[in-house]
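Heads up, start.cif below (mmCIF, C-alpha atoms):
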data_structure
loop_
_atom_site.label_atom_id
_atom_site.label_comp_id
_atom_site.auth_asym_id
_atom_site.auth_seq_id
_atom_site.Cartn_x
_atom_site.Cartn_y
_atom_site.Cartn_z
CA MET W 9 -26.15 100.76 -1.79
CA ILE W 10 -24.79 103.23 0.69
CA ASN W 11 -23.05 105.15 -2.09
CA PRO W 12 -25.19 108.18 -2.89
CA PRO W 13 -26.66 108.29 -6.41
CA ALA W 14 -24.65 110.44 -8.86
CA ALA W 15 -27.15 113.30 -8.67
CA LEU W 16 -26.44 113.70 -4.96
CA ARG W 17 -22.67 113.62 -5.06
CA PRO W 18 -21.05 116.98 -4.33
CA ARG W 19 -19.59 118.51 -7.48
CA LYS W 20 -16.84 120.39 -5.66
CA SER W 21 -14.45 119.27 -2.99
CA PRO W 22 -15.43 120.16 0.57
CA MET W 23 -14.88 123.86 0.92
CA PHE W 24 -12.30 123.80 3.66
CA TRP W 25 -10.14 121.53 1.53
CA HIS W 26 -8.90 123.52 -1.45
CA ALA W 27 -5.63 124.26 -3.16
CA PRO W 28 -4.96 127.79 -1.82
CA TYR W 29 -4.91 126.16 1.61
CA TYR W 30 -3.14 122.88 1.16
CA ARG W 31 -0.52 124.33 -1.23
CA HIS W 32 0.25 127.20 1.16
CA PRO W 33 3.57 127.00 3.09
CA CYS W 34 1.60 127.63 6.27
CA PHE W 35 -0.26 124.35 5.71
CA ARG W 36 2.95 122.37 6.22
CA GLU W 37 3.74 124.39 9.30
CA GLY W 38 0.29 123.66 10.73
CA ALA W 39 0.52 119.96 9.94
CA LYS W 40 3.91 119.82 11.68
CA ALA W 41 2.57 121.60 14.75
CA GLN W 42 -0.35 119.19 14.98
CA LEU W 43 1.82 116.12 14.30
CA ALA W 44 4.01 117.06 17.27
CA ILE W 45 1.09 116.36 19.59
CA ALA W 46 -0.27 113.47 17.49
CA PRO W 47 0.99 110.73 19.87
CA GLY W 48 -1.22 112.21 22.59
CA ILE W 49 -4.25 112.40 20.29
CA ALA W 50 -3.55 108.89 19.01
CA ALA W 51 -3.39 107.30 22.46
CA TRP W 52 -6.41 109.24 23.60
CA GLY W 53 -8.40 108.33 20.46
CA LEU W 54 -7.42 104.67 20.80
CA MET W 55 -8.58 104.51 24.41
CA THR W 56 -11.79 106.37 23.61
CA GLY W 57 -12.54 103.71 21.01
CA VAL W 58 -11.79 100.95 23.53
CA ALA W 59 -13.97 102.62 26.15
CA MET W 60 -16.91 102.98 23.74
CA VAL W 61 -17.02 99.25 23.09
CA LYS W 62 -16.46 98.41 26.77
CA LEU W 63 -19.37 100.67 27.74
CA GLY W 64 -21.47 98.27 25.68
CA LEU W 65 -21.98 100.01 22.36
CA GLY W 66 -21.86 97.61 19.40
CA VAL W 67 -18.97 97.73 16.95
CA THR W 68 -21.00 99.06 13.99
CA ALA W 69 -22.62 101.70 16.19
CA SER W 70 -19.23 102.68 17.62
CA LEU W 71 -17.71 103.02 14.16
CA VAL W 72 -20.57 105.16 12.86
CA MET W 73 -20.60 107.29 16.00
CA THR W 74 -16.85 107.91 15.71
CA LEU W 75 -17.12 108.88 12.05
CA VAL W 76 -20.12 111.16 12.42
CA VAL W 77 -19.93 112.73 15.87
CA PHE W 78 -16.19 113.51 16.04
CA ALA W 79 -16.18 114.74 19.67
CA GLY W 80 -14.46 112.34 22.08
CA SER W 81 -15.86 113.49 25.40
CA ALA W 82 -19.39 113.84 24.01
CA GLN W 83 -19.16 110.32 22.55
CA LEU W 84 -18.29 108.81 25.93
CA ALA W 85 -20.76 110.92 27.88
CA THR W 86 -23.76 110.01 25.71
CA ILE W 87 -23.27 106.26 25.51
CA PRO W 88 -24.72 105.47 28.98
CA PRO W 89 -27.97 107.44 28.45
CA LEU W 90 -28.19 106.10 24.88
CA LEU W 91 -27.90 102.46 25.98
CA GLY W 92 -30.13 103.12 28.99
CA GLY W 93 -32.96 104.01 26.63
CA ALA W 94 -33.10 107.71 27.48
CA PRO W 95 -35.21 109.84 25.11
CA MET W 96 -33.31 111.28 22.17
CA TRP W 97 -33.51 114.87 23.45
CA VAL W 98 -31.78 113.86 26.70
CA VAL W 99 -28.91 112.38 24.70
CA LEU W 100 -28.69 115.50 22.55
CA VAL W 101 -28.77 117.89 25.52
CA THR W 102 -26.02 115.81 27.13
CA ALA W 103 -23.89 116.10 23.99
CA PHE W 104 -24.47 119.84 23.75
CA CYS W 105 -23.58 120.46 27.42
CA VAL W 106 -20.35 118.49 27.09
CA ASN W 107 -19.60 120.56 23.97
CA LEU W 108 -20.30 123.93 25.62
CA ARG W 109 -16.61 124.84 25.84
CA PHE W 110 -16.56 124.87 22.03
CA VAL W 111 -19.19 127.61 22.12
CA VAL W 112 -16.70 129.77 24.03
CA PHE W 113 -13.98 128.91 21.49
CA SER W 114 -16.30 129.86 18.61
CA ALA W 115 -16.72 133.36 20.08
CA HIS W 116 -12.94 133.66 19.92
CA LEU W 117 -12.66 132.33 16.36
CA ARG W 118 -15.46 134.53 15.01
CA ARG W 119 -13.27 137.46 13.94
CA TYR W 120 -10.94 135.08 12.09
CA MET W 121 -13.79 133.37 10.25
CA MET W 122 -16.35 135.94 9.16
CA HIS W 123 -14.73 136.66 5.77
CA LEU W 124 -15.61 133.11 4.66
CA PRO W 125 -18.94 131.93 3.20
CA ARG W 126 -21.17 130.15 5.72
CA TRP W 127 -20.68 126.50 4.71
CA HIS W 128 -16.98 127.08 4.59
CA ARG W 129 -17.09 128.46 8.15
CA LEU W 130 -19.18 125.52 9.35
CA THR W 131 -16.83 122.90 7.94
CA MET W 132 -13.85 124.72 9.49
CA GLY W 133 -15.77 124.93 12.77
CA TYR W 134 -16.57 121.20 12.73
CA LEU W 135 -12.84 120.44 12.49
CA SER W 136 -11.79 122.92 15.19
CA GLY W 137 -11.69 120.77 18.31
CA ASP W 138 -9.77 121.64 21.47
CA LEU W 139 -6.24 121.21 20.18
CA PRO W 140 -6.58 122.88 16.77
CA TYR W 141 -8.25 125.84 18.48
CA VAL W 142 -5.50 126.24 21.07
CA LEU W 143 -2.67 125.83 18.55
CA PHE W 144 -4.34 128.25 16.13
CA VAL W 145 -4.90 131.16 18.52
CA GLN W 146 -1.43 130.62 19.93
CA ARG W 147 0.15 130.96 16.47
CA PHE W 148 -2.14 133.83 15.40
CA PRO W 149 -3.12 135.96 18.41
CA GLU W 150 -4.81 138.52 16.11
CA PRO W 151 -7.01 138.05 13.02
CA ALA W 152 -5.37 139.04 9.72
CA ARG W 153 -6.23 142.42 8.19
CA ASP W 154 -5.62 141.63 4.50
CA ALA W 155 -6.64 138.88 2.09
CA GLU W 156 -3.19 137.32 1.97
CA GLY W 157 -2.98 137.04 5.74
CA ARG W 158 -6.44 135.52 5.89
CA VAL W 159 -5.54 132.76 3.44
CA GLU W 160 -2.39 132.12 5.47
CA GLN W 161 -4.36 131.81 8.71
CA MET W 162 -7.05 129.60 7.18
CA ALA W 163 -4.37 127.38 5.59
CA TYR W 164 -2.88 126.91 9.06
CA LEU W 165 -6.25 126.17 10.66
CA CYS W 166 -7.16 123.81 7.82
CA ALA W 167 -3.90 121.90 8.35
CA LEU W 168 -4.42 121.66 12.11
CA GLY W 169 -8.03 120.58 11.74
CA SER W 170 -7.54 117.99 9.03
CA THR W 171 -4.43 116.47 10.64
CA ASN W 172 -6.21 116.28 13.98
CA TRP W 173 -9.29 114.79 12.32
CA ALA W 174 -7.30 112.11 10.50
CA THR W 175 -5.23 111.15 13.55
CA TRP W 176 -8.24 111.03 15.82
CA LEU W 177 -10.35 108.96 13.41
CA VAL W 178 -7.66 106.41 12.56
CA PHE W 179 -6.91 105.71 16.21
CA ASN W 180 -10.44 105.95 17.53
CA LEU W 181 -11.59 103.47 14.85
CA SER W 182 -8.64 101.19 15.65
CA GLY W 183 -9.56 101.33 19.32
CA VAL W 184 -13.09 100.18 18.49
CA LEU W 185 -11.83 97.29 16.37
CA LEU W 186 -9.07 96.23 18.81
CA ALA W 187 -11.08 96.77 22.00
CA GLN W 188 -11.07 93.15 23.08
CA TRP W 189 -7.27 93.00 23.05
CA ILE W 190 -6.55 96.31 24.82
CA PRO W 191 -7.34 96.45 28.53
CA ALA W 192 -8.35 99.96 29.62
CA SER W 193 -6.25 99.45 32.77
CA TRP W 194 -3.01 99.97 30.82
CA GLY W 195 -3.83 103.64 30.94
CA PHE W 196 -2.53 104.74 27.51
CA GLY W 197 -5.23 107.39 27.49
CA PHE W 198 -3.16 109.44 29.91
CA ALA W 199 -0.99 110.47 26.94
CA GLY W 200 -3.88 112.70 25.90
CA VAL W 201 -3.78 114.52 29.23
CA LEU W 202 0.00 114.90 28.86
CA ALA W 203 -0.47 116.39 25.37
CA LEU W 204 -2.86 118.95 26.80
CA SER W 205 -0.44 119.68 29.65
CA GLY W 206 2.40 120.33 27.19
CA LEU W 207 0.28 122.93 25.41
CA LEU W 208 -0.70 124.32 28.77
CA TRP W 209 2.93 125.03 29.70
CA SER W 210 3.52 126.69 26.35
CA LEU W 211 0.58 129.04 26.90
CA ALA W 212 1.69 130.13 30.38
CA ASP W 213 3.46 133.26 29.17
CA THR W 214 2.03 136.05 31.33
CA ARG W 215 1.24 136.32 35.02
CA LEU W 216 -2.46 136.80 34.41
CA ARG W 217 -2.54 133.69 32.23
CA LEU W 218 -0.93 131.74 35.07
CA ILE W 219 -3.63 133.04 37.39
CA SER W 220 -6.22 132.03 34.77
CA ALA W 221 -4.77 128.50 34.72
CA ALA W 222 -4.68 128.16 38.51
CA THR W 223 -8.23 129.46 38.88
CA ALA W 224 -9.65 127.26 36.15
CA GLY W 225 -7.97 124.18 37.59
CA MET W 226 -9.24 124.81 41.10
CA ALA W 227 -12.74 125.72 40.00
CA ALA W 228 -12.97 122.64 37.78
CA VAL W 229 -11.95 120.39 40.69
CA LEU W 230 -14.30 122.06 43.16
CA ALA W 231 -17.16 121.78 40.64
CA ALA W 232 -16.28 118.18 39.73
CA ASP W 233 -19.59 116.90 41.10
CA LEU W 234 -21.55 118.75 38.43
CA PRO W 235 -22.99 116.44 35.77
CA LEU W 236 -22.17 116.56 32.04
CA LYS W 237 -18.61 117.84 32.48
CA LEU W 238 -20.06 121.24 33.25
CA ASN W 239 -17.14 121.71 35.66
CA ILE W 240 -14.98 122.48 32.60
CA LEU W 241 -17.26 125.33 31.61
CA VAL W 242 -17.38 126.58 35.22
CA GLY W 243 -13.57 126.52 35.28
CA ILE W 244 -13.23 128.52 32.05
CA LEU W 245 -15.84 131.13 32.94
CA THR W 246 -14.54 131.64 36.51
CA ALA W 247 -10.96 132.06 35.29
CA VAL W 248 -11.90 134.48 32.51
CA ALA W 249 -14.09 136.57 34.84
CA LEU W 250 -11.41 136.77 37.54
CA CYS W 251 -8.71 137.70 35.03
CA LEU W 252 -10.86 140.44 33.51
CA ALA W 253 -11.43 141.89 36.98
CA LEU W 254 -7.73 141.65 37.86
CA GLU W 255 -6.75 143.17 34.53
CA LYS W 256 -8.96 146.20 35.19
CA TYR W 257 -7.47 146.53 38.66
CA VAL W 258 -3.85 146.21 37.49
CA ASP W 259 -4.41 148.72 34.67
CA ARG W 260 -5.90 151.24 37.06
CA VAL W 261 -3.21 150.94 39.69
CA HIS W 262 -0.04 150.26 37.67
CA GLY W 263 -0.80 151.00 34.00
CA ALA W 264 -1.21 148.50 31.15
CA GLN W 265 2.49 147.57 30.83
CA ALA W 266 2.50 145.96 34.31
CA ARG W 267 0.37 142.98 33.32
CA MET T 10 -34.90 115.66 -5.93
CA THR T 11 -36.49 115.26 -2.49
CA ALA T 12 -37.69 111.81 -3.50
CA VAL T 13 -34.16 110.78 -4.51
CA TRP T 14 -32.83 111.93 -1.14
CA LEU T 15 -35.60 110.16 0.79
CA ALA T 16 -35.07 106.94 -1.11
CA TRP T 17 -31.38 107.10 -0.41
CA PHE T 18 -31.89 107.81 3.31
CA THR T 19 -34.21 104.81 3.54
CA ASP T 20 -31.63 102.61 1.82
CA VAL T 21 -28.89 103.77 4.17
CA ALA T 22 -31.01 103.30 7.27
CA GLN T 23 -32.01 99.78 6.16
CA TRP T 24 -28.44 98.85 5.39
CA PHE T 25 -27.26 99.97 8.84
CA ASP T 26 -30.26 98.29 10.49
CA ALA T 27 -29.09 95.04 8.94
CA GLN T 28 -25.62 95.66 10.43
CA GLY T 29 -27.06 96.01 13.93
CA LEU T 30 -27.49 99.79 14.13
CA ASP T 31 -31.14 100.73 14.47
CA PRO T 32 -32.53 103.84 12.71
CA HIS T 33 -33.29 105.64 15.99
CA THR T 34 -29.67 105.41 17.14
CA LEU T 35 -28.43 106.29 13.66
CA LEU T 36 -30.57 109.43 13.65
CA THR T 37 -29.26 110.31 17.13
CA PHE T 38 -25.67 110.06 15.85
CA VAL T 39 -26.42 112.23 12.82
CA LEU T 40 -28.00 114.88 15.05
CA MET T 41 -25.04 114.66 17.45
CA GLY T 42 -22.66 115.25 14.55
CA PHE T 43 -24.76 118.25 13.61
CA LEU T 44 -24.49 119.44 17.23
CA THR T 45 -20.70 119.11 17.09
CA MET T 46 -20.74 121.44 14.10
CA VAL T 47 -23.21 123.85 15.71
CA SER T 48 -21.35 124.08 19.03
CA ARG T 49 -17.94 124.55 17.41
CA SER T 50 -19.32 127.20 15.02
CA PHE T 51 -21.88 128.68 17.41
CA PHE T 52 -20.88 132.35 17.19
CA PHE T 53 -20.11 132.34 13.49
CA ILE T 54 -23.13 130.52 12.11
CA SER T 55 -25.15 133.63 11.30
CA ASP T 56 -23.93 136.12 8.70
CA GLY T 57 -25.06 139.03 10.88
CA GLU T 58 -22.73 141.96 11.44
CA TRP T 59 -21.86 142.31 15.10
CA THR T 60 -18.74 142.35 17.17
CA LEU T 61 -18.10 141.11 20.67
CA PRO T 62 -17.91 143.82 23.31
CA ARG T 63 -14.32 144.86 24.03
CA TRP T 64 -14.25 143.27 27.50
CA ALA T 65 -15.40 139.91 26.14
CA GLU T 66 -12.69 139.99 23.52
CA ARG T 67 -10.07 140.72 26.19
CA GLY T 68 -11.47 137.90 28.29
CA LEU T 69 -10.98 135.38 25.50
CA TYR T 70 -7.24 135.95 25.77
CA TYR T 71 -7.46 133.93 29.00
CA ALA T 72 -9.81 131.24 27.67
CA PRO T 73 -7.42 128.76 25.96
CA ILE T 74 -5.22 128.18 28.99
CA ALA T 75 -8.26 128.06 31.27
CA ALA T 76 -9.89 125.43 29.05
CA LEU T 77 -6.77 123.27 29.10
CA THR T 78 -6.32 123.40 32.88
CA ALA T 79 -10.03 122.86 33.49
CA VAL T 80 -9.70 119.59 31.53
CA VAL T 81 -6.27 118.52 32.78
CA VAL T 82 -6.35 119.17 36.54
CA PRO T 83 -9.44 117.05 37.37
CA GLU T 84 -7.96 114.22 35.25
CA VAL T 85 -4.84 114.29 37.41
CA VAL T 86 -6.00 114.93 40.97
CA LEU T 87 -9.36 113.13 41.05
CA THR T 88 -9.99 109.39 41.20
CA ARG T 89 -13.63 108.55 40.56
CA GLY T 90 -14.63 112.05 41.64
CA GLN T 91 -12.61 111.94 44.91
CA PHE T 92 -9.50 114.04 45.58
CA ILE T 93 -6.46 111.74 45.68
CA GLN T 94 -5.13 110.88 49.15
CA THR T 95 -1.58 109.80 48.30
CA TRP T 96 1.50 111.05 46.47
CA GLU T 97 2.04 107.53 45.14
CA ASP T 98 0.14 108.28 41.98
CA ALA T 99 1.63 107.69 38.55
CA ARG T 100 -0.27 110.67 37.12
CA LEU T 101 1.42 113.17 39.45
CA VAL T 102 4.88 111.79 38.71
CA ALA T 103 4.18 111.78 34.96
CA MET T 104 2.93 115.38 35.00
CA ALA T 105 6.01 116.48 36.96
CA ALA T 106 8.36 114.60 34.61
CA GLY T 107 6.64 116.05 31.52
CA ALA T 108 6.74 119.59 32.93
CA ALA T 109 10.39 119.20 33.92
CA TYR T 110 11.24 118.20 30.35
CA PHE T 111 9.24 121.07 28.87
CA PHE T 112 10.89 123.73 31.02
CA TRP T 113 14.34 122.19 30.62
CA ARG T 114 13.92 122.60 26.85
CA LYS T 115 12.41 126.06 27.49
CA GLY T 116 9.49 125.09 25.27
CA LYS T 117 11.69 125.08 22.15
CA GLY T 118 11.55 122.63 19.25
CA GLN T 119 9.47 119.54 19.92
CA ALA T 120 9.02 120.27 23.63
CA VAL T 121 5.34 119.31 23.64
CA LEU T 122 6.07 115.99 21.95
CA GLY T 123 8.86 115.45 24.50
CA THR T 124 6.44 116.22 27.33
CA ILE T 125 4.19 113.40 26.13
CA VAL T 126 7.03 110.92 25.63
CA VAL T 127 8.83 111.66 28.91
CA GLY T 128 5.55 111.76 30.83
CA MET T 129 4.46 108.37 29.47
CA ALA T 130 7.93 106.91 30.12
CA ALA T 131 7.42 107.80 33.77
CA TYR T 132 3.74 106.84 33.84
CA LEU T 133 3.65 103.38 32.26
CA PRO T 134 6.18 101.57 34.54
CA LEU T 135 4.68 103.10 37.69
CA HIS T 136 1.11 102.43 36.61
CA MET T 137 1.51 98.96 35.08
CA GLY T 138 4.40 97.81 37.27
CA LEU T 139 3.61 99.19 40.70
CA GLY T 140 -0.09 99.76 40.21
CA TRP T 141 0.17 103.44 41.22
#
Show me the file's structure as structure tokens.
Amino acid sequence: MINPPAALRPRKSPMFWHAPYYRHPCFREGAKAQLAIAPGIAAWGLMTGVAMVKLGLGVTASLVMTLVVFAGSAQLATIPPLLGGAPMWVVLVTAFCVNLRFVVFSAHLRRYMMHLPRWHRLTMGYLSGDLPYVLFVQRFPEPARDAEGRVEQMAYLCALGSTNWATWLVFNLSGVLLAQWIPASWGFGFAGVLALSGLLWSLADTRLRLISAATAGMAAVLAADLPLKLNILVGILTAVALCLALEKYVDRVHGAQAR
Amino acid sequence: MTAVWLAWFTDVAQWFDAQGLDPHTLLTFVLMGFLTMVSRSFFFISDGEWTLPRWAERGLYYAPIAALTAVVVPEVVLTRGQFIQTWEDARLVAMAAGAAYFFWRKGKGQAVLGTIVVGMAAYLPLHMGLGW
């Protein structure tokens, strides 16, 4: 009854999931890179699932939300207004605001993506959460110039995205189902923060990037009173603006190689 | 075709309603999933030909690390929105232990995985044992 009738079933596999990607050597490399941070995602997903149920969302609703929404912080942020009977547009605006950092990421990913057909781009985009995005642009700082390189890059992104998706879903769903036996006070969710911190250290490779990190951290703490996790966006935009200004200054005074 | 879709949507909504998930909430979830896709694809949804200005492209070089710190630092130094008042906090020790491991391994091999494991090995006893 919830299986779609035959006429509605897609005739092809989802477009991000096809053989040139998952048979590519880069796919294994991407899956390995994502699996290395999987314990962090797993613990974080598990505790998100626990928190959803403890916030008062029913088990069926939590399971469906996890499967459909696929955005941890937006899931947690929208449950209170949802249960409080807020109008649907308030819930949706909340979700979008919490997701605003992804809009910045999408500007970055654009040049890597535009060779793909639209639905293909959208499915890839859906899978590109925080960690796949960071790992991807770290591995490929520049978009490929030829067809072969593009397939290689998309194979890598596809591996990151699908591994992340699978890990997140399995553990988030488990968290929902096991919520009554897992007290939130154990604090397993901190593994997610540690996973992010590990990536953070690996990105700190230039002085200006260190300044970017310090600025973003401070700005996000100072703006912590903003609703809807907007402090994250404030942190990113402040850091990027300051670094652009500094970069201009350094280039003018010392030349580009001094960065 | 539209009728087949509508009939199916009605079936699905009724089935979930019977499981305790009302159609209004179900619709909200579907739209939120759509929003996840829209926000993550925002700048590559349209097929239009345009490129970011050069300065914006340069700026994005600093975005990934900024995004990570903007998420991580408040999680570590704030407790319910207040700046922490004590060094006896399991999160600080865990971050330091994780970072020490990462830089000891010079970021090679499975350094990120090690950061998680070492950090949690420091965090769990302090947090669950001493209540830090």
Practice item. Identify all residues satisfying the PyMOL selection byres ((chain T and resi 131) around 12) in the given file; provide them as a PyMOL selection string. Key: (chain W and resi 198-199+202) or (chain T and resi 98-110+124-130+132-139+141)
Would you output that residue set with C-alpha atoms, as a compact mmCIF listing (two decimals), keeping the file's coordinate frame?
# COMPACT_ATOMS: atom_id res chain seq x y z
CA PHE W 198 -3.16 109.44 29.91
CA ALA W 199 -0.99 110.47 26.94
CA LEU W 202 0.00 114.90 28.86
CA ASP T 98 0.14 108.28 41.98
CA ALA T 99 1.63 107.69 38.55
CA ARG T 100 -0.27 110.67 37.12
CA LEU T 101 1.42 113.17 39.45
CA VAL T 102 4.88 111.79 38.71
CA ALA T 103 4.18 111.78 34.96
CA MET T 104 2.93 115.38 35.00
CA ALA T 105 6.01 116.48 36.96
CA ALA T 106 8.36 114.60 34.61
CA GLY T 107 6.64 116.05 31.52
CA ALA T 108 6.74 119.59 32.93
CA ALA T 109 10.39 119.20 33.92
CA TYR T 110 11.24 118.20 30.35
CA THR T 124 6.44 116.22 27.33
CA ILE T 125 4.19 113.40 26.13
CA VAL T 126 7.03 110.92 25.63
CA VAL T 127 8.83 111.66 28.91
CA GLY T 128 5.55 111.76 30.83
CA MET T 129 4.46 108.37 29.47
CA ALA T 130 7.93 106.91 30.12
CA TYR T 132 3.74 106.84 33.84
CA LEU T 133 3.65 103.38 32.26
CA PRO T 134 6.18 101.57 34.54
CA LEU T 135 4.68 103.10 37.69
CA HIS T 136 1.11 102.43 36.61
CA MET T 137 1.51 98.96 35.08
CA GLY T 138 4.40 97.81 37.27
CA LEU T 139 3.61 99.19 40.70
CA TRP T 141 0.17 103.44 41.22
Practice item. Rank nothing, just name the residue among W:Gln188, W:Ser114, W:Ser81, W:Thr171 nearest to Pro73 (chain T), using only C-alpha atoms. Key: W:Ser114
Check your understanding: the PyMOL selection byres ((chain T) within 7 of (chain W)) on the file shown: which residues, as a PyMOL selection string?
Key -> chain T and resi 17+20-21+28-30+37-39+41-42+44-46+48-54+68-69+71-83+90+104+116+119+121-122+124-125+128-129+137
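Taking all atoms listed in the file into account, Thr56 (chain W) lies nearest to W:Leu177 out of the set W:Leu177, W:Ala27, W:Met162, W:Cys34.
Comparing the minimum interatomic distances between His33 (chain T) and each of W:Val258, W:Gly93, W:Ser182, W:Ser170, counting all atoms listed in the file, we find that W:Gly93 sits nearest.
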Practice item. One decimal, Å: what's the distance from CA of Pro88 (chain W) over to CA of Arg89 (chain T), could you say? Key: 16.3 Å
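Between CA of Ala50 (chain W) and CA of Asp31 (chain T) there is a distance of 29.1 Å.
CA of Leu36 (chain T) is found 18.6 Å from CA of Val13 (chain T).
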